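Contents: one structure, followed by commentary.
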Amino acid sequence: MYHKITGWVPLLIASLWLSSTITMLDCRVTNLFHPLSNEDGEEGKKWAVLVAGSKGYFNYRHQADICHAYQIMKNGGLKDENIIVFMYDDIANNELNPRPGVIINHPNGSDVYKGVPKDYTGNYTTAENLYAVISGNRSAITGGSGKVVDSGPNDTIFIFYADHGGPGIVNVLKRKHAANAYKKMVIYLEACESGSMFEGILPENINIYVTTASNANESSWGCYCPEDPTYPPPPEFQTCLGDSYSVLWMEDSDKSDRTEETLQQQYETVREKTLSWPAKGSHVMQYGNKNFTNDYLVTYIGATGVSETSNAYSSSIPTLLVNQRDALLLYLTHKLENAPDGSSEKVEAQKMLVNEIAEREHVDNVVKKIGDLLFGEDNSATLMASFRPSGQPLVDDWDCFKNYIKIYERYCGTLSTYGKKYTRVFANMCNAGISEDKMVAASSQACP
């Protein structure tokens with residue numbers, strides 16, 4: 001379920017249908033007092049879109065990451081009108097939160113929830129609203145604050161997304177260059193198999209630079225989790241407070257002079273620390289246009305200030321990381337162990353844990369059955385678990401990929417957070433030329 005200091009520890013599901021674009025102008029930021037500008041001296045704006053794609057108290061860490069990121073942007077001088085936040089907002093005032101109205105992102109950290117805009121919360125945290133926000137299409141917004149990225153050709157956009165993930169869900173970032181709506185974009189992505197969302201897909205000539213928490217084949221990891229012997233959360237918390245990749249880039253941003261540190265330097269710092277922690281994490285990756293990685297961080301996330309969150313981050317070295325897909329298991333196990341004997345809380349925790357384990361076993365068995373029917377029992381395991389060579393996209397026919405997931409869910413139920421680890425299997429079915437009729441037949445037989 002999780003790894004301590006022994007062994008190798010190798011992270012969105014997020015569809016970002018983006019129609020904004022980027023000019024090919026060269027950006028130069030000399031210091032804090034010289035904002036991004038064009039040849040005529042017109043200054044560009046800094047925009048930020050911060051997205052927590054999950055809900056539920058056991059996913060505390062995702063909203064904690066996003067709230068912390070907001071504090072960095074706000075402290076860096078970005079205006080609230082240019083910071084757009086998506087989060088379900090069911091954590092801070094959740095009855096399970098031991099500190100009502102407060103969210104922390106570090107065991108010794110201060111409140112990062114205070115002041116965070118509630119732009120798109122609850123049922124308004126939809127993919128459609130996210131598409132509309134980034135494309136600047138107010139008419140397509142449903143609910144929420146109505147804020148959109150109303151950017152121009154001299155502006156920069158920073159996107160940070162934290163969620164669970166499955167390989168290759170995003171295949172449309174290349175469409176962002178059509179509207180000449182910004183100059184450069186930086187995307188930081190915290191998700192399982194997040195590299196697969198850009199591997200072999202994102203062009204290098206559209207001024208989009210991306211770092212991901214993991215490569216195309218591995219999970220990402222939660223940190224500051226219960227049972228960590230060195231940096232556990234306060235004892236009243238039963239869930240992880242952050243994600244390793246997210247925590248590392250944000251703690252670095254809190255401590256560093258962002259007028260002197262470049263995108264490349266931060267990438268190298270995060271990559272090296274992720275793998276040098278005693279509980280080794282995933283392989284942080286770079287994609288897209290790397291020609292402007294010498295831009296200073298101030299260009300995108302603002303300049304350094306005295307952050308209220310930075311005083312606790314001097315030497316955090318967790319020795320236990322939790323696989324993103326196992327965070328719910330850890331939460332339920334810890335809740336069961338700490339509930340009073342004979343209490344209704346203990347009974348409910350045990351019921352939820354049993355159901356989660358049973359659901360996982362069901363998904364494992366069903367996917368194996370479908371694979372055996374399509375590929376034969378002798379070849380199924382090898383073909384379904386295979387990885388394409390580095391540089392190739394997860395799948396060639398994305399319509400096939402999305403359709404086969406829908407077919408599975410039609411017959412076998414919605415893919416859970418755990419089940420999304422099998423999205424690569426559906427890609428392999430498409431790459432192997434499995435017909436839609438065969439996929440329907442196998443799914444209906446595996447889930448009568």
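How things are named: the first chain in the structure tokens is A, the next is B, and so on; residues count from 1 in each chain; ligands count from 1 in the order shown.
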Fewer than 4 positions away in the same chain doesn't count, so skip those; otherwise give me all residues within 10 Å of Pro233 in chain A, counting only C-alpha atoms, as a PDB file with N, CA, C and O atoms, in the first residue's frame.
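Here's the written file out.pdb:
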```pdb
ATOM      1  N   ILE A 104      -4.133  22.853   6.302  1.00  0.00           N
ATOM      2  CA  ILE A 104      -2.677  22.968   6.361  1.00  0.00           C
ATOM      3  C   ILE A 104      -2.069  22.051   5.306  1.00  0.00           C
ATOM      4  O   ILE A 104      -2.665  21.063   4.899  1.00  0.00           O
ATOM      5  N   ASN A 105      -0.850  22.383   4.884  1.00  0.00           N
ATOM      6  CA  ASN A 105      -0.165  21.630   3.831  1.00  0.00           C
ATOM      7  C   ASN A 105       1.175  21.099   4.312  1.00  0.00           C
ATOM      8  O   ASN A 105       1.978  20.614   3.518  1.00  0.00           O
ATOM      9  N   HIS A 106       1.398  21.216   5.616  1.00  0.00           N
ATOM     10  CA  HIS A 106       2.642  20.783   6.245  1.00  0.00           C
ATOM     11  C   HIS A 106       2.337  20.502   7.707  1.00  0.00           C
ATOM     12  O   HIS A 106       1.486  21.179   8.306  1.00  0.00           O
ATOM     13  N   PRO A 107       2.999  19.508   8.322  1.00  0.00           N
ATOM     14  CA  PRO A 107       2.710  19.195   9.726  1.00  0.00           C
ATOM     15  C   PRO A 107       2.810  20.399  10.657  1.00  0.00           C
ATOM     16  O   PRO A 107       2.055  20.489  11.636  1.00  0.00           O
ATOM     17  N   ASN A 108       3.737  21.311  10.373  1.00  0.00           N
ATOM     18  CA  ASN A 108       3.904  22.501  11.205  1.00  0.00           C
ATOM     19  C   ASN A 108       3.429  23.766  10.504  1.00  0.00           C
ATOM     20  O   ASN A 108       3.752  24.875  10.937  1.00  0.00           O
ATOM     21  N   GLY A 109       2.676  23.600   9.446  1.00  0.00           N
ATOM     22  CA  GLY A 109       2.293  24.746   8.633  1.00  0.00           C
ATOM     23  C   GLY A 109       1.113  25.513   9.200  1.00  0.00           C
ATOM     24  O   GLY A 109       0.328  25.011  10.009  1.00  0.00           O
ATOM     25  N   CYS A 223       2.348  12.754   0.731  1.00  0.00           N
ATOM     26  CA  CYS A 223       3.353  12.885   1.785  1.00  0.00           C
ATOM     27  C   CYS A 223       2.735  13.547   3.013  1.00  0.00           C
ATOM     28  O   CYS A 223       1.593  14.002   2.977  1.00  0.00           O
ATOM     29  N   TYR A 224       3.545  13.618   4.077  1.00  0.00           N
ATOM     30  CA  TYR A 224       3.068  14.077   5.382  1.00  0.00           C
ATOM     31  C   TYR A 224       1.832  13.264   5.780  1.00  0.00           C
ATOM     32  O   TYR A 224       0.776  13.810   6.090  1.00  0.00           O
ATOM     33  N   CYS A 225       2.020  11.944   5.750  1.00  0.00           N
ATOM     34  CA  CYS A 225       0.923  11.006   5.968  1.00  0.00           C
ATOM     35  C   CYS A 225       0.997  10.360   7.359  1.00  0.00           C
ATOM     36  O   CYS A 225       2.080  10.272   7.942  1.00  0.00           O
ATOM     37  N   PRO A 226      -0.121   9.882   7.876  1.00  0.00           N
ATOM     38  CA  PRO A 226      -0.096   9.124   9.117  1.00  0.00           C
ATOM     39  C   PRO A 226       0.885   7.952   9.009  1.00  0.00           C
ATOM     40  O   PRO A 226       1.028   7.351   7.939  1.00  0.00           O
ATOM     41  N   GLU A 227       1.555   7.666  10.095  1.00  0.00           N
ATOM     42  CA  GLU A 227       2.537   6.589  10.209  1.00  0.00           C
ATOM     43  C   GLU A 227       3.914   6.971   9.680  1.00  0.00           C
ATOM     44  O   GLU A 227       4.861   6.190   9.798  1.00  0.00           O
ATOM     45  N   ASP A 228       4.074   8.159   9.087  1.00  0.00           N
ATOM     46  CA  ASP A 228       5.419   8.611   8.727  1.00  0.00           C
ATOM     47  C   ASP A 228       6.182   8.872  10.023  1.00  0.00           C
ATOM     48  O   ASP A 228       5.768   9.706  10.836  1.00  0.00           O
ATOM     49  N   PHE A 237      -5.003  14.253  12.745  1.00  0.00           N
ATOM     50  CA  PHE A 237      -5.279  14.058  11.321  1.00  0.00           C
ATOM     51  C   PHE A 237      -5.097  12.591  10.942  1.00  0.00           C
ATOM     52  O   PHE A 237      -4.149  11.944  11.377  1.00  0.00           O
ATOM     53  N   GLN A 238      -5.988  12.091  10.096  1.00  0.00           N
ATOM     54  CA  GLN A 238      -5.927  10.698   9.656  1.00  0.00           C
ATOM     55  C   GLN A 238      -5.722  10.592   8.148  1.00  0.00           C
ATOM     56  O   GLN A 238      -6.030   9.565   7.542  1.00  0.00           O
ATOM     57  N   THR A 239      -5.193  11.634   7.559  1.00  0.00           N
ATOM     58  CA  THR A 239      -5.019  11.658   6.113  1.00  0.00           C
ATOM     59  C   THR A 239      -3.741  12.409   5.765  1.00  0.00           C
ATOM     60  O   THR A 239      -3.184  13.120   6.599  1.00  0.00           O
ATOM     61  N   CYS A 240      -3.272  12.219   4.538  1.00  0.00           N
ATOM     62  CA  CYS A 240      -2.056  12.903   4.084  1.00  0.00           C
ATOM     63  C   CYS A 240      -2.347  14.392   3.864  1.00  0.00           C
ATOM     64  O   CYS A 240      -3.426  14.762   3.396  1.00  0.00           O
ATOM     65  N   LEU A 241      -1.361  15.224   4.164  1.00  0.00           N
ATOM     66  CA  LEU A 241      -1.536  16.669   4.061  1.00  0.00           C
ATOM     67  C   LEU A 241      -1.108  17.237   2.715  1.00  0.00           C
ATOM     68  O   LEU A 241      -1.480  18.363   2.369  1.00  0.00           O
ATOM     69  N   GLY A 242      -0.313  16.498   1.947  1.00  0.00           N
ATOM     70  CA  GLY A 242       0.187  17.036   0.687  1.00  0.00           C
ATOM     71  C   GLY A 242       0.635  15.942  -0.252  1.00  0.00           C
ATOM     72  O   GLY A 242       0.559  14.751   0.065  1.00  0.00           O
TER      73      GLY A 242
END
```
Range 34-168 of chain A: which residues are helix (DSSP H, G or I) by DSSP, as an MDAnalysis selection string? chainID A and resid 57:75 80:82 122:124 127:135 138:140
Can you write out the residues you just picked, keeping N, CA, C and O atoms, as a short mmCIF file (atom, residue, chain, number, x, y, z; two decimals), in the first residue's frame?
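New file selection.cif:
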```
data_model
loop_
_atom_site.label_atom_id
_atom_site.label_comp_id
_atom_site.auth_asym_id
_atom_site.auth_seq_id
_atom_site.Cartn_x
_atom_site.Cartn_y
_atom_site.Cartn_z
N TYR A 57 -12.93 13.91 2.08
CA TYR A 57 -11.94 14.28 3.08
C TYR A 57 -10.64 13.49 2.93
O TYR A 57 -9.56 14.03 3.20
N PHE A 58 -10.71 12.25 2.48
CA PHE A 58 -9.49 11.46 2.33
C PHE A 58 -8.58 12.03 1.24
O PHE A 58 -7.41 11.69 1.16
N ASN A 59 -9.13 12.91 0.38
CA ASN A 59 -8.33 13.61 -0.62
C ASN A 59 -7.92 15.01 -0.15
O ASN A 59 -7.65 15.90 -0.97
N TYR A 60 -7.85 15.19 1.14
CA TYR A 60 -7.47 16.45 1.77
C TYR A 60 -6.28 17.11 1.08
O TYR A 60 -6.26 18.32 0.85
N ARG A 61 -5.30 16.30 0.72
CA ARG A 61 -4.02 16.82 0.23
C ARG A 61 -4.17 17.65 -1.04
O ARG A 61 -3.41 18.60 -1.25
N HIS A 62 -5.11 17.30 -1.93
CA HIS A 62 -5.24 18.01 -3.20
C HIS A 62 -5.69 19.46 -2.97
O HIS A 62 -5.12 20.40 -3.54
N GLN A 63 -6.70 19.66 -2.14
CA GLN A 63 -7.15 21.03 -1.87
C GLN A 63 -6.13 21.78 -1.02
O GLN A 63 -5.98 23.00 -1.16
N ALA A 64 -5.41 21.06 -0.16
CA ALA A 64 -4.33 21.71 0.59
C ALA A 64 -3.25 22.22 -0.36
O ALA A 64 -2.73 23.33 -0.20
N ASP A 65 -2.91 21.42 -1.37
CA ASP A 65 -1.93 21.84 -2.37
C ASP A 65 -2.40 23.11 -3.09
O ASP A 65 -1.63 24.08 -3.27
N ILE A 66 -3.66 23.13 -3.52
CA ILE A 66 -4.18 24.25 -4.29
C ILE A 66 -4.27 25.51 -3.44
O ILE A 66 -3.94 26.62 -3.90
N CYS A 67 -4.70 25.37 -2.19
CA CYS A 67 -4.77 26.53 -1.30
C CYS A 67 -3.37 27.10 -1.04
O CYS A 67 -3.19 28.33 -1.01
N HIS A 68 -2.40 26.23 -0.87
CA HIS A 68 -1.02 26.68 -0.68
C HIS A 68 -0.54 27.43 -1.93
O HIS A 68 0.10 28.49 -1.83
N ALA A 69 -0.85 26.90 -3.09
CA ALA A 69 -0.45 27.56 -4.34
C ALA A 69 -1.07 28.95 -4.44
O ALA A 69 -0.42 29.91 -4.89
N TYR A 70 -2.32 29.08 -4.02
CA TYR A 70 -2.96 30.40 -4.04
C TYR A 70 -2.17 31.38 -3.18
O TYR A 70 -1.94 32.53 -3.59
N GLN A 71 -1.76 30.95 -2.00
CA GLN A 71 -1.02 31.85 -1.11
C GLN A 71 0.29 32.29 -1.76
O GLN A 71 0.71 33.45 -1.60
N ILE A 72 0.92 31.40 -2.51
CA ILE A 72 2.15 31.77 -3.22
C ILE A 72 1.86 32.82 -4.28
O ILE A 72 2.59 33.82 -4.41
N MET A 73 0.80 32.62 -5.08
CA MET A 73 0.45 33.59 -6.12
C MET A 73 0.09 34.93 -5.51
O MET A 73 0.55 35.99 -5.96
N LYS A 74 -0.74 34.91 -4.49
CA LYS A 74 -1.19 36.15 -3.85
C LYS A 74 -0.01 36.87 -3.22
O LYS A 74 0.14 38.09 -3.37
N ASN A 75 0.82 36.12 -2.53
CA ASN A 75 2.01 36.70 -1.91
C ASN A 75 2.97 37.25 -2.96
O ASN A 75 3.70 38.21 -2.71
N ASP A 80 -6.33 38.98 -7.28
CA ASP A 80 -7.38 37.97 -7.21
C ASP A 80 -8.18 37.89 -8.51
O ASP A 80 -8.67 36.82 -8.88
N GLU A 81 -8.29 39.00 -9.21
CA GLU A 81 -9.04 38.99 -10.46
C GLU A 81 -8.34 38.17 -11.53
O GLU A 81 -8.95 37.77 -12.53
N ASN A 82 -7.04 37.88 -11.32
CA ASN A 82 -6.27 37.09 -12.26
C ASN A 82 -5.92 35.70 -11.73
O ASN A 82 -5.15 34.97 -12.38
N GLY A 122 -17.98 22.94 -5.42
CA GLY A 122 -19.07 21.97 -5.47
C GLY A 122 -19.35 21.48 -6.87
O GLY A 122 -18.44 21.11 -7.62
N ASN A 123 -20.62 21.49 -7.25
CA ASN A 123 -21.03 20.97 -8.55
C ASN A 123 -20.61 21.85 -9.72
O ASN A 123 -20.84 21.50 -10.88
N TYR A 124 -20.01 23.01 -9.43
CA TYR A 124 -19.53 23.88 -10.50
C TYR A 124 -18.06 23.61 -10.85
O TYR A 124 -17.50 24.28 -11.72
N ALA A 127 -15.56 19.90 -15.78
CA ALA A 127 -14.63 20.01 -16.89
C ALA A 127 -15.07 21.10 -17.85
O ALA A 127 -14.25 21.86 -18.38
N GLU A 128 -16.39 21.21 -18.07
CA GLU A 128 -16.90 22.22 -19.00
C GLU A 128 -16.56 23.63 -18.53
O GLU A 128 -16.18 24.49 -19.32
N ASN A 129 -16.71 23.87 -17.23
CA ASN A 129 -16.35 25.19 -16.70
C ASN A 129 -14.84 25.44 -16.80
O ASN A 129 -14.40 26.56 -17.08
N LEU A 130 -14.07 24.40 -16.58
CA LEU A 130 -12.62 24.56 -16.70
C LEU A 130 -12.23 24.92 -18.14
O LEU A 130 -11.41 25.81 -18.37
N TYR A 131 -12.83 24.21 -19.11
CA TYR A 131 -12.54 24.53 -20.51
C TYR A 131 -12.89 25.98 -20.81
O TYR A 131 -12.13 26.71 -21.47
N ALA A 132 -14.07 26.39 -20.33
CA ALA A 132 -14.54 27.74 -20.62
C ALA A 132 -13.66 28.80 -19.95
O ALA A 132 -13.37 29.84 -20.53
N VAL A 133 -13.23 28.52 -18.72
CA VAL A 133 -12.38 29.47 -18.00
C VAL A 133 -11.07 29.69 -18.74
O VAL A 133 -10.64 30.83 -18.96
N ILE A 134 -10.43 28.62 -19.13
CA ILE A 134 -9.11 28.75 -19.76
C ILE A 134 -9.24 29.36 -21.15
O ILE A 134 -8.38 30.13 -21.58
N SER A 135 -10.30 29.07 -21.85
CA SER A 135 -10.49 29.63 -23.19
C SER A 135 -11.03 31.05 -23.15
O SER A 135 -11.07 31.73 -24.18
N ARG A 138 -16.89 33.26 -21.37
CA ARG A 138 -17.83 33.48 -20.28
C ARG A 138 -19.21 32.90 -20.57
O ARG A 138 -19.92 32.46 -19.66
N SER A 139 -19.62 32.91 -21.82
CA SER A 139 -20.96 32.44 -22.16
C SER A 139 -21.13 30.95 -21.91
O SER A 139 -22.27 30.47 -21.80
N ALA A 140 -20.03 30.22 -21.80
CA ALA A 140 -20.12 28.77 -21.57
C ALA A 140 -20.04 28.41 -20.09
O ALA A 140 -20.10 27.24 -19.74
#
```
Could you check how far CA of Glu337 in chain A sits from CA of Ala349 in chain A, in Å to one decimal?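 Spanning CA of Glu337 in chain A to CA of Ala349 in chain A is a straight-line distance of 9.0 Å.
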As an exercise, work out the distance from CA of Arg271 in chain A to CA of Val51 in chain A in Å and give it to one decimal place.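 Calculated distance between CA of Arg271 in chain A and CA of Val51 in chain A is 22.0 Å.
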Have a look at A:Pro203, A:Lys368, A:Trp47, A:Val354 and name the one nearest to Val148 in chain A; count only C-alpha atoms.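 Smallest separation from Val148 in chain A among the options: A:Trp47.
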May I have the residues within 7 Å of Gly222 in chain A as a PDB file with N, CA and C atoms, in the first residue's frame, using only C-alpha atoms and disregarding those fewer than 3 positions away in the same chain?
```pdb
ATOM      1  N   CYS A 240      -3.272  12.219   4.538  1.00  0.00           N
ATOM      2  CA  CYS A 240      -2.056  12.903   4.084  1.00  0.00           C
ATOM      3  C   CYS A 240      -2.347  14.392   3.864  1.00  0.00           C
ATOM      4  N   GLY A 242      -0.313  16.498   1.947  1.00  0.00           N
ATOM      5  CA  GLY A 242       0.187  17.036   0.687  1.00  0.00           C
ATOM      6  C   GLY A 242       0.635  15.942  -0.252  1.00  0.00           C
ATOM      7  N   ASP A 243       1.102  16.358  -1.424  1.00  0.00           N
ATOM      8  CA  ASP A 243       1.669  15.451  -2.421  1.00  0.00           C
ATOM      9  C   ASP A 243       3.122  15.834  -2.636  1.00  0.00           C
ATOM     10  N   SER A 244       3.976  14.843  -2.806  1.00  0.00           N
ATOM     11  CA  SER A 244       5.413  15.099  -2.762  1.00  0.00           C
ATOM     12  C   SER A 244       5.872  16.110  -3.810  1.00  0.00           C
ATOM     13  N   LEU A 321       6.092   7.665   1.862  1.00  0.00           N
ATOM     14  CA  LEU A 321       5.212   8.217   0.850  1.00  0.00           C
ATOM     15  C   LEU A 321       4.116   7.208   0.560  1.00  0.00           C
ATOM     16  N   VAL A 322       2.929   7.702   0.220  1.00  0.00           N
ATOM     17  CA  VAL A 322       1.778   6.838  -0.022  1.00  0.00           C
ATOM     18  C   VAL A 322       1.351   6.969  -1.480  1.00  0.00           C
ATOM     19  N   ASN A 323       1.244   5.826  -2.148  1.00  0.00           N
ATOM     20  CA  ASN A 323       0.738   5.814  -3.512  1.00  0.00           C
ATOM     21  C   ASN A 323      -0.600   6.546  -3.565  1.00  0.00           C
ATOM     22  N   GLN A 324      -0.748   7.458  -4.539  1.00  0.00           N
ATOM     23  CA  GLN A 324      -1.981   8.236  -4.635  1.00  0.00           C
ATOM     24  C   GLN A 324      -3.219   7.335  -4.638  1.00  0.00           C
TER      25      GLN A 324
END
```
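Shortest atom-to-atom contact with Asp111 in chain A among A:Ser196, A:Glu190, A:Arg99, A:Ser343: A:Arg99, counting only C-alpha atoms.
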Polymer residues at most 12 Å from Met384 in chain A, only C-alpha atoms, same-chain spacing of 4 or more positions, as a list in words: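 Residues meeting the cut-off are Val367, Lys368, Lys369, Ile370, Gly371, Asp372, Leu373, Leu374, Phe375, Gly376, Glu377, Asp378, Asn379, Ser380, Arg388, Lys421, Tyr422, Thr423, Arg424, Val425, Phe426, Ala427, Asn428, Met429, Cys430, Asn431 and Ala432 of chain A.
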